[in-house]
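Source file: coords.pdb (PDB, C-alpha atoms and all ligand atoms)
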MODEL        1
ATOM      1  CA  MET A   1      12.537  -8.158   7.922
ATOM      2  CA  LYS A   2      15.465  -5.886   8.789
ATOM      3  CA  VAL A   3      14.710  -2.874  10.973
ATOM      4  CA  LEU A   4      17.112   0.059  10.770
ATOM      5  CA  ALA A   5      16.614   3.060  13.069
ATOM      6  CA  LEU A   6      18.139   6.495  12.630
ATOM      7  CA  LEU A   7      18.904   7.686  16.116
ATOM      8  CA  SER A   8      20.439  10.850  17.545
ATOM      9  CA  GLN A   9      19.487  13.241  20.248
ATOM     10  CA  LYS A  10      21.052  16.085  18.305
ATOM     11  CA  GLY A  11      18.573  17.911  16.091
ATOM     12  CA  GLY A  12      19.738  18.351  12.511
ATOM     13  CA  ALA A  13      22.297  15.527  12.623
ATOM     14  CA  GLY A  14      20.822  14.044   9.441
ATOM     15  CA  LYS A  15      18.389  11.359  10.667
ATOM     16  CA  THR A  16      15.606  12.249   8.237
ATOM     17  CA  THR A  17      17.979  12.932   5.344
ATOM     18  CA  LEU A  18      19.663   9.559   5.718
ATOM     19  CA  ALA A  19      16.390   7.727   6.467
ATOM     20  CA  VAL A  20      14.745   8.871   3.226
ATOM     21  CA  HIS A  21      17.838   8.406   1.066
ATOM     22  CA  LEU A  22      18.566   4.942   2.461
ATOM     23  CA  ALA A  23      14.898   4.018   1.955
ATOM     24  CA  VAL A  24      15.005   5.210  -1.658
ATOM     25  CA  HIS A  25      18.307   3.453  -2.284
ATOM     26  CA  ALA A  26      17.041   0.159  -0.835
ATOM     27  CA  HIS A  27      13.868   0.519  -2.921
ATOM     28  CA  LEU A  28      15.923   1.110  -6.085
ATOM     29  CA  SER A  29      17.936  -2.004  -5.187
ATOM     30  CA  GLY A  30      14.740  -4.057  -5.379
ATOM     31  CA  GLU A  31      13.854  -4.326  -1.669
ATOM     32  CA  ARG A  32      10.309  -3.980  -0.356
ATOM     33  CA  VAL A  33      10.847  -0.937   1.869
ATOM     34  CA  ALA A  34       8.740   0.839   4.476
ATOM     35  CA  LEU A  35       9.720   4.116   6.075
ATOM     36  CA  ILE A  36       8.130   4.631   9.487
ATOM     37  CA  ASP A  37       8.122   8.175  10.867
ATOM     38  CA  ILE A  38       7.657   8.345  14.637
ATOM     39  CA  ASP A  39       8.902  11.947  14.925
ATOM     40  CA  PRO A  40       6.014  14.379  15.582
ATOM     41  CA  GLN A  41       7.812  16.880  13.299
ATOM     42  CA  ARG A  42       6.754  14.478  10.477
ATOM     43  CA  SER A  43       9.650  15.517   8.230
ATOM     44  CA  ALA A  44       9.864  12.101   6.549
ATOM     45  CA  GLY A  45       6.071  12.057   6.161
ATOM     46  CA  ASP A  46       6.087  15.537   4.629
ATOM     47  CA  TRP A  47       8.831  14.483   2.209
ATOM     48  CA  TRP A  48       6.798  11.434   1.217
ATOM     49  CA  ARG A  49       3.569  13.442   0.695
ATOM     50  CA  ALA A  50       5.401  15.765  -1.704
ATOM     51  CA  ARG A  51       6.400  12.801  -3.862
ATOM     52  CA  GLU A  52       4.541  11.514  -6.880
ATOM     53  CA  ASP A  53       6.106   8.068  -6.547
ATOM     54  CA  LYS A  54       4.588   6.404  -3.514
ATOM     55  CA  MET A  55       7.403   3.919  -3.075
ATOM     56  CA  PRO A  56       9.077   3.385  -0.666
ATOM     57  CA  ALA A  57       5.919   3.007   1.448
ATOM     58  CA  LEU A  58       5.348   5.293   4.433
ATOM     59  CA  ALA A  59       3.700   4.846   7.814
ATOM     60  CA  GLU A  60       3.487   7.472  10.530
ATOM     61  CA  CYS A  61       2.670   6.678  14.117
ATOM     62  CA  HIS A  62       3.103   7.622  17.730
ATOM     63  CA  PRO A  63       6.074   5.825  19.284
ATOM     64  CA  ARG A  64       3.722   3.806  21.491
ATOM     65  CA  HIS A  65       2.256   2.203  18.358
ATOM     66  CA  LEU A  66       5.615   1.337  16.844
ATOM     67  CA  VAL A  67       5.428  -2.378  17.650
ATOM     68  CA  ASP A  68       2.040  -2.595  15.892
ATOM     69  CA  ALA A  69       3.433  -0.743  12.871
ATOM     70  CA  LEU A  70       6.458  -3.055  12.709
ATOM     71  CA  ASN A  71       4.293  -6.164  13.029
ATOM     72  CA  GLN A  72       2.081  -4.861  10.255
ATOM     73  CA  ALA A  73       5.082  -4.206   8.005
ATOM     74  CA  ALA A  74       6.386  -7.724   8.676
ATOM     75  CA  SER A  75       2.975  -9.202   7.845
ATOM     76  CA  ARG A  76       3.041  -7.360   4.485
ATOM     77  CA  SER A  77       6.332  -8.998   3.459
ATOM     78  CA  ILE A  78       8.314  -5.806   3.869
ATOM     79  CA  GLY A  79      12.005  -6.680   3.660
ATOM     80  CA  VAL A  80      13.440  -3.487   5.145
ATOM     81  CA  THR A  81      11.884  -0.997   7.555
ATOM     82  CA  ILE A  82      13.641   2.274   8.206
ATOM     83  CA  LEU A  83      12.652   4.305  11.266
ATOM     84  CA  ASP A  84      12.970   8.074  11.393
ATOM     85  CA  THR A  85      12.937   9.153  15.021
ATOM     86  CA  PRO A  86      12.710  12.363  17.060
ATOM     87  CA  PRO A  87      15.836  14.100  18.434
ATOM     88  CA  GLN A  88      15.650  12.560  21.895
ATOM     89  CA  ALA A  89      17.830  10.517  24.184
ATOM     90  CA  GLY A  90      15.076   9.364  26.512
ATOM     91  CA  PRO A  91      12.769   6.360  26.773
ATOM     92  CA  VAL A  92      11.654   6.590  23.117
ATOM     93  CA  ALA A  93      15.234   6.247  21.907
ATOM     94  CA  GLU A  94      15.774   3.299  24.275
ATOM     95  CA  MET A  95      12.635   1.577  23.020
ATOM     96  CA  VAL A  96      13.592   2.155  19.381
ATOM     97  CA  ALA A  97      17.155   0.891  19.883
ATOM     98  CA  GLY A  98      15.748  -2.194  21.601
ATOM     99  CA  LEU A  99      13.386  -2.959  18.709
ATOM    100  CA  ALA A 100      15.699  -2.197  15.789
ATOM    101  CA  GLY A 101      18.118  -4.772  14.477
ATOM    102  CA  LEU A 102      20.553  -1.912  13.932
ATOM    103  CA  SER A 103      20.639   1.722  15.031
ATOM    104  CA  LEU A 104      22.548   4.186  12.901
ATOM    105  CA  ILE A 105      23.717   7.344  14.652
ATOM    106  CA  PRO A 106      24.535  10.223  12.285
ATOM    107  CA  CYS A 107      26.989  12.763  13.632
ATOM    108  CA  ARG A 108      28.091  16.032  12.100
ATOM    109  CA  PRO A 109      31.796  16.857  12.227
ATOM    110  CA  SER A 110      31.866  19.399  15.051
ATOM    111  CA  PRO A 111      32.840  19.274  18.724
ATOM    112  CA  ILE A 112      29.270  20.203  19.751
ATOM    113  CA  ASP A 113      27.808  17.345  17.739
ATOM    114  CA  LEU A 114      30.436  14.882  18.947
ATOM    115  CA  ARG A 115      29.750  15.718  22.590
ATOM    116  CA  SER A 116      26.015  15.452  22.159
ATOM    117  CA  THR A 117      26.356  12.119  20.316
ATOM    118  CA  GLN A 118      27.774  10.610  23.506
ATOM    119  CA  ARG A 119      24.262  10.553  25.015
ATOM    120  CA  THR A 120      22.885   8.540  22.099
ATOM    121  CA  VAL A 121      25.873   6.198  22.261
ATOM    122  CA  ASP A 122      25.180   5.714  25.988
ATOM    123  CA  ILE A 123      21.616   4.659  25.170
ATOM    124  CA  VAL A 124      22.539   2.018  22.597
ATOM    125  CA  LYS A 125      25.156   0.673  24.990
ATOM    126  CA  LYS A 126      22.687   0.656  27.891
ATOM    127  CA  VAL A 127      20.151  -1.454  26.010
ATOM    128  CA  ARG A 128      22.954  -3.480  24.330
ATOM    129  CA  ALA A 129      21.630  -2.578  20.898
ATOM    130  CA  ARG A 130      23.614  -3.180  17.759
ATOM    131  CA  ALA A 131      24.621   0.240  16.478
ATOM    132  CA  GLY A 132      26.971   2.163  14.252
ATOM    133  CA  ILE A 133      27.939   5.777  13.687
ATOM    134  CA  VAL A 134      28.250   7.634  10.411
ATOM    135  CA  LEU A 135      29.815  11.039   9.957
ATOM    136  CA  ASN A 136      27.351  13.176   7.999
ATOM    137  CA  ALA A 137      27.631  16.498   6.186
ATOM    138  CA  CYS A 138      31.417  16.560   6.099
ATOM    139  CA  PRO A 139      33.113  19.184   3.914
ATOM    140  CA  LEU A 140      34.199  17.979   0.494
ATOM    141  CA  ALA A 141      37.928  17.600  -0.010
ATOM    142  CA  ARG A 142      39.367  20.312  -2.273
ATOM    143  CA  ARG A 143      41.299  17.653  -4.120
ATOM    144  CA  GLU A 144      41.250  13.883  -4.121
ATOM    145  CA  GLY A 145      42.951  12.431  -1.059
ATOM    146  CA  ALA A 146      43.220  15.753   0.833
ATOM    147  CA  GLU A 147      40.955  15.139   3.823
ATOM    148  CA  PRO A 148      39.829  18.379   5.505
ATOM    149  CA  SER A 149      41.110  18.659   9.082
ATOM    150  CA  ILE A 150      37.500  19.027  10.321
ATOM    151  CA  THR A 151      36.737  15.548   9.012
ATOM    152  CA  ARG A 152      39.958  14.012  10.288
ATOM    153  CA  GLU A 153      39.352  15.371  13.790
ATOM    154  CA  ALA A 154      35.750  14.126  13.708
ATOM    155  CA  ARG A 155      36.908  10.655  12.594
ATOM    156  CA  GLU A 156      39.293  10.568  15.538
ATOM    157  CA  GLY A 157      36.486  11.754  17.804
ATOM    158  CA  VAL A 158      33.912   9.142  16.777
ATOM    159  CA  ALA A 159      36.512   6.358  17.053
ATOM    160  CA  GLU A 160      36.552   7.034  20.820
ATOM    161  CA  PHE A 161      32.903   5.992  21.226
ATOM    162  CA  ASP A 162      33.892   2.359  20.920
ATOM    163  CA  ILE A 163      31.085   1.375  18.565
ATOM    164  CA  PRO A 164      31.478   0.561  14.853
ATOM    165  CA  VAL A 165      32.026   3.533  12.548
ATOM    166  CA  ALA A 166      30.835   3.410   8.942
ATOM    167  CA  PRO A 167      33.746   3.172   6.516
ATOM    168  CA  VAL A 168      32.057   5.781   4.308
ATOM    169  CA  ILE A 169      31.659   9.467   5.173
ATOM    170  CA  ILE A 170      28.617  11.315   3.863
ATOM    171  CA  SER A 171      29.641  14.663   2.478
ATOM    172  CA  HIS A 172      27.812  17.936   2.706
ATOM    173  CA  GLN A 173      26.065  18.252  -0.652
ATOM    174  CA  ALA A 174      23.067  20.170  -1.911
ATOM    175  CA  ALA A 175      22.068  16.949  -3.701
ATOM    176  CA  LEU A 176      21.104  15.485  -0.314
ATOM    177  CA  SER A 177      19.065  18.461   0.882
ATOM    178  CA  HIS A 178      17.014  19.432  -2.184
ATOM    179  CA  PRO A 179      14.506  17.090  -3.748
ATOM    180  CA  THR A 180      13.332  17.803  -7.280
ATOM    181  CA  MET A 181       9.921  19.406  -7.987
ATOM    182  CA  ASP A 182       8.188  16.033  -8.144
ATOM    183  CA  GLY A 183       9.694  15.031  -4.822
ATOM    184  CA  ARG A 184      12.277  12.672  -6.216
ATOM    185  CA  THR A 185      15.610  12.627  -4.494
ATOM    186  CA  TYR A 186      18.698  13.425  -6.539
ATOM    187  CA  ILE A 187      19.949   9.881  -6.055
ATOM    188  CA  GLU A 188      16.967   8.775  -8.159
ATOM    189  CA  VAL A 189      17.742  11.334 -10.848
ATOM    190  CA  PHE A 190      21.551  11.106 -10.896
ATOM    191  CA  ARG A 191      22.159   7.455 -10.200
ATOM    192  CA  ASP A 192      25.911   7.860 -10.878
ATOM    193  CA  GLY A 193      26.377  10.974  -8.747
ATOM    194  CA  ARG A 194      28.449  11.313  -5.624
ATOM    195  CA  ALA A 195      25.441  11.335  -3.291
ATOM    196  CA  ALA A 196      24.148   8.072  -4.793
ATOM    197  CA  TYR A 197      27.581   6.511  -4.454
ATOM    198  CA  GLU A 198      27.978   7.472  -0.792
ATOM    199  CA  ILE A 199      24.456   6.361   0.149
ATOM    200  CA  GLY A 200      25.055   3.083  -1.711
ATOM    201  CA  GLU A 201      28.284   2.459   0.190
ATOM    202  CA  LEU A 202      26.563   3.247   3.482
ATOM    203  CA  TRP A 203      23.720   0.894   2.616
ATOM    204  CA  ALA A 204      26.147  -1.925   1.776
ATOM    205  CA  TRP A 205      27.805  -1.523   5.175
ATOM    206  CA  LEU A 206      24.440  -1.464   6.977
ATOM    207  CA  VAL A 207      23.319  -4.645   5.211
ATOM    208  CA  TYR A 208      26.528  -6.306   6.355
ATOM    209  CA  MET A 209      26.123  -5.022   9.934
ATOM    210  CA  ALA A 210      22.503  -6.236  10.122
ATOM    211  CA  ARG A 211      23.159  -9.532   8.339
ATOM    212  CA  ASP A 212      21.796 -11.734  11.136
ATOM    213  CA  ALA A 213      19.448  -9.235  12.837
ATOM    214  CA  ASP A 214      15.945 -10.166  11.723
ATOM    215  CA  TYR A 215      12.866  -8.647  13.316
ATOM    216  CA  ARG A 216      10.683 -11.098  15.164
ATOM    217  CA  PRO A 217       7.046  -9.947  15.296
ATOM    218  CA  SER A 218       5.659  -9.901  18.828
ATOM    219  CA  ARG A 219       2.489  -9.094  20.776
TER
HETATM  220  N1  LIG B 301      24.873  15.394   3.988
HETATM  221  C1  LIG B 301      24.148  16.506   3.912
HETATM  222  N2  LIG B 301      24.415  17.452   2.969
HETATM  223  C2  LIG B 301      23.696  18.593   2.896
HETATM  224  N3  LIG B 301      22.678  18.891   3.732
HETATM  225  C3  LIG B 301      22.360  18.003   4.680
HETATM  226  C4  LIG B 301      23.058  16.759   4.834
HETATM  227  N4  LIG B 301      22.506  16.090   5.884
HETATM  228  C5  LIG B 301      21.513  16.858   6.340
HETATM  229  N5  LIG B 301      21.417  18.003   5.639
HETATM  230  C6  LIG B 301      20.469  19.127   5.863
HETATM  231  O1  LIG B 301      20.544  19.489   7.241
HETATM  232  C7  LIG B 301      19.247  19.771   7.758
HETATM  233  C8  LIG B 301      18.958  18.831   8.937
HETATM  234  O2  LIG B 301      18.937  17.494   8.451
HETATM  235  P1  LIG B 301      17.820  16.465   8.927
HETATM  236  O3  LIG B 301      16.476  17.105   8.915
HETATM  237  O4  LIG B 301      18.003  15.229   8.141
HETATM  238  O5  LIG B 301      18.294  16.231  10.432
HETATM  239  P2  LIG B 301      17.495  15.454  11.584
HETATM  240  O6  LIG B 301      18.521  14.752  12.407
HETATM  241  O7  LIG B 301      16.428  14.623  11.004
HETATM  242  O8  LIG B 301      16.878  16.650  12.393
HETATM  243  P3  LIG B 301      15.717  16.546  13.533
HETATM  244  O9  LIG B 301      16.400  16.010  14.741
HETATM  245  O10 LIG B 301      15.256  17.962  13.706
HETATM  246  O11 LIG B 301      14.665  15.628  13.010
HETATM  247  C9  LIG B 301      18.279  19.607   6.602
HETATM  248  O12 LIG B 301      18.078  20.872   6.020
HETATM  249  C10 LIG B 301      19.027  18.702   5.629
HETATM  250  O13 LIG B 301      18.628  18.929   4.291
HETATM  251 MG    MG B 302      14.376  14.559  11.363
ENDMDL
END
If you took the structure in this file and wrote it as structure tokens, what would it be?
Ligand SMILES: Nc1ncnc2c1ncn2[C@@H]1O[C@H](COP(=O)(O)OP(=O)(O)OP(=O)(O)O)[C@@H](O)[C@H]1O
Ligand SMILES: [Mg+2]
Amino acid sequence: MKVLALLSQKGGAGKTTLAVHLAVHAHLSGERVALIDIDPQRSAGDWWRAREDKMPALAECHPRHLVDALNQAASRSIGVTILDTPPQAGPVAEMVAGLAGLSLIPCRPSPIDLRSTQRTVDIVKKVRARAGIVLNACPLARREGAEPSITREAREGVAEFDIPVAPVIISHQAALSHPTMDGRTYIEVFRDGRAAYEIGELWAWLVYMARDADYRPSR
């Protein structure tokens, strides 16, 4: 089982958005997927409850029960577990980074977000966790090939963290923030849309990054 954690101390960076869309994408790709929400805000859980389709599967738990939840997922032949986590850079984040095969840190393209991301980067480095950063909610280019300066500056900023940066940038799109009435995400409805393409590219990179990081059930 692969365990992917969305991690960032900064609230609103896009942890939940990316967690649910990556979970849906992996599910559509034929994986057995579980989404585990350990954030007391329960945003991923609320998203899941509003859905008619009950796949990907959901579990919600207190961070101290995360190991049990992961062991249970592994025992149910889950292939991919995605963890949505609270906006913290304390012991919970350290524990999560230590358990996950890969931690993905979303970062919005702004100086405030870049500075705050440093604390999450420090945590993954401290516990020697495998991690990567993805720029999220970047402005769309007005024309093909014309990268907005906000995005270029953010790319230069995240390169300084000295951890791998996703080769795909997730753009700011309503398609990623508004599910349909039956709780489906737009990537389920418009499988050829831009949001689906970007999430698919991100997923492909994450699969590559986590290629030899399998979860070993413990305790
Ligand atoms: N790429 C995007 N395009 C458009 N809207 C986005 C994108 N990413 C996130 N959002 C929106 O930004 C808001 C915050 O995103 P989200 O809830 O995923 O962040 P979070 O890191 O989980 O926040 P928290 O730390 O509070 O849990 C939400 O309204 C979400 O719909
Ligand atoms: Mg969240």
Running the PyMOL selection byres (((not hetatm)) within 10 of (chain B and resi 302)) on this model by hand, what would come out? Give it as a ChimeraX atom specification. /A:6-8,10-20,37-44,84-87
Please return, as a ChimeraX atom specification, all polymer residues that have at least one atom within 12 Å of the point (6.6, -5.9, 12.9); use all atoms listed in the file and the file's own coordinate frame. /A:1-3,34,36,65-83,99-101,214-219
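The set of protein, DNA and RNA residues with any counted atom at most 9 Å from (34.8, 11.2, 16.3) (all atoms listed in the file) reads Cys107, Pro109, Ser110, Pro111, Leu114, Leu135, Thr151, Arg152, Glu153, Ala154, Arg155, Glu156, Gly157, Val158, Ala159, Glu160, Phe161 and Val165 of chain A.
Here CA of Ala213 in chain A and CA of Arg191 in chain A stand 28.6 Å from one another.
Each of A:Ile187, A:Ala175, A:Ala210, A:Ala50 was checked against ligand LIG 301 (chain B) using all atoms listed in the file; the smallest atom-to-atom distance is that of A:Ala175.
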